[in-house]
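Here the structure comes first, spelled out in structure tokens, and everything after it is commentary.
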Amino acid sequence: ARASPEKPVIASAAAESSSVTSTSRRSRCAPVRKSTALRTSSALPAAVATMALFIFVDGLFVVATALDIIKGAWLPVVVAAIIVLGDRLRRVYDGAVSPDRLRVVVNFAESVYRAPAEAIDTKFRAPGPLRILYLSNLIEEKGYRLLRDAVETVAHERPGAIQLDYAGGFVTDAEKSAFLASIASSPFISYHGIVRGDDKRRLLQQSHVLALPTWYPFEGQPICILEGYAAGCAVLTTDHSGIFDVFTPGENGWAVEKQSVRSIEEALRDARHL
């Protein structure tokens, strides 16, 4: 499970598997007064009503569904340990859980994305443009628009020298439409939608640089960076959340300033010499 860099108050178990391991000891809490329960319609959708929630209460977790909260039936769970993906993500639980209950379990990329050394050497020796890959959700704070702006500047300095591929989903259809319109006249920028399987592996293995200039507040330790490493990509990213647990500037790639088009441009100019 991926930890959020913000102190978690309520985290949905439906989003991804929990990072909490617990004892089996459970007991019923005192009922929550109706005035403090969630205000909701009696026609609560089943998917919402049965969604499990993890809620911090005085250093413990409370496990409940939306219906449990309405009824005042909360079950406390004693936390045995919480798994985080790197030392920098320990601070997520500052003041909520004792540090000795935190365990670091490093993440990994699936072996299917690993490229042979010969293939990596070949793609860097082959003629053609420097290929940049953005492989994540297209959210403003992940820097996808700044990356576009920087690539457009560098591409016009030396036509044909750079190609940018985007893969991922948008939050809204309106944002998707606006972005597609903004790149419609840029032959060196392509959007591939949400990719999986062979399409994802192909994009990774043909790319030279995996770019994620993020300042997203809920960033954890992006697995796309590890997938980029597996495919032999250098990485362009920021000193944010748990990223520097798996990234060393100058060794794995380029650390750029957050929210800085100019910093991304400078990194891309340097990357052209790969």
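Chain lettering (A, B, ...) mirrors the order of the structure tokens, residue numbering begins at 1 for each chain separately, and ligand numbering begins at 1 in order of display.
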query: Would you give me, as a ChimeraX atom specification, the residues in range 84-253 of chain A that DSSP reads as strand (DSSP E or B)?
result: /A:84,102-104,130-135,138,162-167,170,189-191,209-212,234-237,249,253
Output as a Markdown table one row per residue of range 201-264 of chain A within 6 Å of range 142-164 of chain A: the closest atom pair and its distance in Å to one decimal place, counting only C-alpha atoms, sorted by chain and residue number ascending.
```
| residue | atom | partner | partner_atom | distance |
| --- | --- | --- | --- | --- |
| A:Pro213 | CA | A:Gly143 | CA | 5.1 |
| A:Thr214 | CA | A:Lys142 | CA | 3.9 |
| A:Trp215 | CA | A:Lys142 | CA | 5.8 |
| A:Tyr216 | CA | A:Lys142 | CA | 5.3 |
| A:Val261 | CA | A:Leu146 | CA | 5.5 |
```
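Straight-line separation from CA of Arg90 in chain A to CA of Gln221 in chain A: 12.0 Å.
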query: When DSSP works through the backbone of this structure, what residues of range 82-225 of chain A end up as alpha helix (DSSP H), shown as a PyMOL selection string?
result: chain A and resi 117-125+144-157+173-183+197-206+223-225
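Nearest to Glu140 in chain A of all the residues A:Leu89, A:Val171, A:Ile120, A:Ile225 is A:Val171, counting only C-alpha atoms.
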message: Env of range 237-245 of chain A: 8 Å cut, atoms = only C-alpha atoms, seq-sep filter 4 positions within chain, self excluded. Answer as JSON, numbers by chain.
response: {"A": [5, 85, 86, 87, 88, 89, 211, 212, 213, 214, 215, 219, 220, 221, 222, 254, 255, 256, 257, 258]}
Please identify every residue of range 142-256 of chain A that has at least one atom no farther than 7 Å from an atom of range 106-113 of chain A, counting only C-alpha atoms, and for each give the shortest atom pair and the distance in Å to one decimal, arranged by chain then increasing number, as CSV.
```
residue,atom,partner,partner_atom,distance
A:Arg201,CA,A:Tyr113,CA,5.6
A:Ile223,CA,A:Ala109,CA,6.8
A:Leu226,CA,A:Ala109,CA,5.5
A:Glu227,CA,A:Ala109,CA,5.1
A:Ala230,CA,A:Tyr113,CA,5.9
A:Ala231,CA,A:Tyr113,CA,5.9
```
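Pairwise distance (CA of Lys176 in chain A, CA of Gly253 in chain A) equals 28.8 Å.
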message: I'd like the interatomic distance between CA of Gly232 in chain A and CA of Phe179 in chain A, to a tenth of an Å.
response: 28.3 Å
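Residue nearest Leu203 in chain A, chosen from A:Ser98, A:Ser190, A:Thr248, A:Ser260 and counting only C-alpha atoms: A:Ser190.
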